[in-house]
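Reviewing the structure listed below.
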Amino acid sequence: MKEIKLSVSAIENGTVIDHIPAQNLFKVISILGLESSDKLITFGTNMESKKLGKKAIIKIADKFFEREEINRIAVVAPHAKLNVIKDYKVVEKQVVEVPDRIEGIVKCVNPKCITNFEELKTKFNVIDKQNVALKCHYCEKITDQEHMVYL
């Protein structure tokens with residue numbers, strides 16, 4: 001059978017998020033609110049990756065991420081890479097880095113935590129940056145990436 005290669009057109013200006021674990025593609029889309037964006041968005045999943053086995057990629061035209069948004073990406077895809085594109089050229093490469101503290105991104109999984117009853121911004125200390133595990137500032141409950149609920 002003949003192998004068919006598909007290509008995706010380059011973006012003039014914007015950001016490419018690469019090295020997203022394939023199973024987390026739609027989590028990244030959701031946590032960034034891209035489903036309601038009016039920007040041109042192209043994504044692919046289950047692409048071969050030496051590091052991840054299978055990876056996903058998202059291209060967003062005319063979008064450049066702020067630190068808060070990069071922190072959101074880091075919670076879901078801690079090894080992702082951002083390529084900033086200007087005039088069809090990569091002008092900057094950033095490795096996403098999980099910060100020491102996460103605020104207002106994840107819900108505490110403890111049903112008795114005060115953040116689930118009061119209007120408090122959730123705050124977590126990151127206790128594992130590799131696999132992303134968070135300790136609630138208020139109740140000290142530890143949440144791993146598998147059980148996170150995103151705000």
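We label chains A, B, ... in the order they appear in the structure tokens, count residues from 1 in each chain, and number ligands from 1 in the order shown.
Residues surrounding range 31-44 of chain A within 7 Å are Lys27, Ala56, Ile57, Ile58, Lys59, Ile60, Ala61, Asp62, Glu69, Arg72 and Tyr150 of chain A [only C-alpha atoms; sequence separation below 4 positions excluded].
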Exercise. Could you give me, as a PyMOL selection string, the residues within 10 Å of Val109 in chain A, counting only C-alpha atoms and dropping anything in the same chain fewer than 5 positions from it?
Key: chain A and resi 115-116+136+141-144+147-149
Exercise. Give the strand (DSSP E) residues of range 4-149 of chain A, as DSSP finds them on the backbone, and put them as JSON, numbers by chain.
Key: {"A": [14, 15, 16, 17, 18, 19, 20, 21, 41, 42, 43, 44, 45, 46, 47, 48, 49, 53, 54, 55, 56, 57, 58, 59, 60, 61, 81, 82, 83, 84, 85, 86, 89, 90, 91, 92, 93, 94, 95, 101, 102, 103, 106, 107, 123, 124, 125, 126, 127, 128, 133, 134, 135, 136, 142, 143, 144, 149]}
Counting only C-alpha atoms, what is within 8 Å of Cys113 in chain A, bar same-chain residues fewer than 5 positions away, as an mmCIF file with C-alpha atoms, in the first residue's frame?
data_model
loop_
_atom_site.group_PDB
_atom_site.id
_atom_site.type_symbol
_atom_site.label_atom_id
_atom_site.label_comp_id
_atom_site.auth_asym_id
_atom_site.auth_seq_id
_atom_site.Cartn_x
_atom_site.Cartn_y
_atom_site.Cartn_z
ATOM 1 C CA CYS A 108 -9.136 20.503 45.207
ATOM 2 C CA TYR A 138 -5.643 24.779 52.682
ATOM 3 C CA CYS A 139 -6.332 21.111 53.473
#
Long-range neighbours of Lys93 in chain A as a compact mmCIF listing (two decimals) with C-alpha atoms, in the first residue's frame, 12 Å cut-off, only C-alpha atoms, 6 positions minimum in chain:
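Final output, part-v6.txt:
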# COMPACT_ATOMS: atom_id res chain seq x y z
CA THR A 15 2.20 29.51 18.59
CA VAL A 16 2.74 25.80 18.15
CA ILE A 17 2.37 23.64 21.25
CA ASP A 18 4.37 20.46 20.65
CA ALA A 80 5.37 20.42 26.19
CA LYS A 81 7.34 22.84 24.08
CA LEU A 82 6.11 26.14 22.66
CA ASN A 83 7.35 27.46 19.34
CA VAL A 84 6.55 31.14 18.77
CA ILE A 85 6.08 31.86 15.07
CA LYS A 86 6.47 35.30 13.44
Quiz item: If we count only C-alpha atoms, what is near Asp87 in chain A at a cut-off of 8 Å, once residues fewer than 2 positions away on the same chain are taken out, given as a VMD selection string?
Solution: chain A and resid 12 to 13 85 89
Which residues come within 10 Å of Asn71 in chain A, counting only C-alpha atoms, excluding same-chain residues fewer than 3 positions away, as an mmCIF file with C-alpha atoms, in the first residue's frame?
data_model
loop_
_atom_site.group_PDB
_atom_site.id
_atom_site.type_symbol
_atom_site.label_atom_id
_atom_site.label_comp_id
_atom_site.auth_asym_id
_atom_site.auth_seq_id
_atom_site.Cartn_x
_atom_site.Cartn_y
_atom_site.Cartn_z
ATOM 1 C CA PHE A 65 0.566 32.846 25.479
ATOM 2 C CA GLU A 66 0.951 34.717 28.756
ATOM 3 C CA ARG A 67 2.618 33.127 31.828
ATOM 4 C CA GLU A 68 -0.764 32.156 33.373
ATOM 5 C CA ALA A 74 2.279 22.810 32.249
ATOM 6 C CA VAL A 75 -0.268 21.225 34.588
ATOM 7 C CA VAL A 76 -1.654 19.059 31.757
ATOM 8 C CA ALA A 77 1.456 18.640 29.572
ATOM 9 C CA PRO A 78 4.545 19.210 31.749
ATOM 10 C CA VAL A 96 6.998 24.549 29.452
ATOM 11 C CA GLU A 97 7.984 24.444 33.107
ATOM 12 C CA VAL A 98 5.738 23.448 35.979
ATOM 13 C CA PRO A 99 5.854 26.305 38.521
ATOM 14 C CA ARG A 101 2.832 27.005 43.009
ATOM 15 C CA ILE A 102 -0.385 26.605 41.045
ATOM 16 C CA GLU A 103 -3.287 28.996 41.703
ATOM 17 C CA ILE A 105 -6.232 26.278 37.730
#
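Of note, CA of Leu25 in chain A and CA of Met47 in chain A are spaced 11.6 Å apart.
What separates CA of Leu151 in chain A from CA of Phe124 in chain A is a distance of 13.3 Å.
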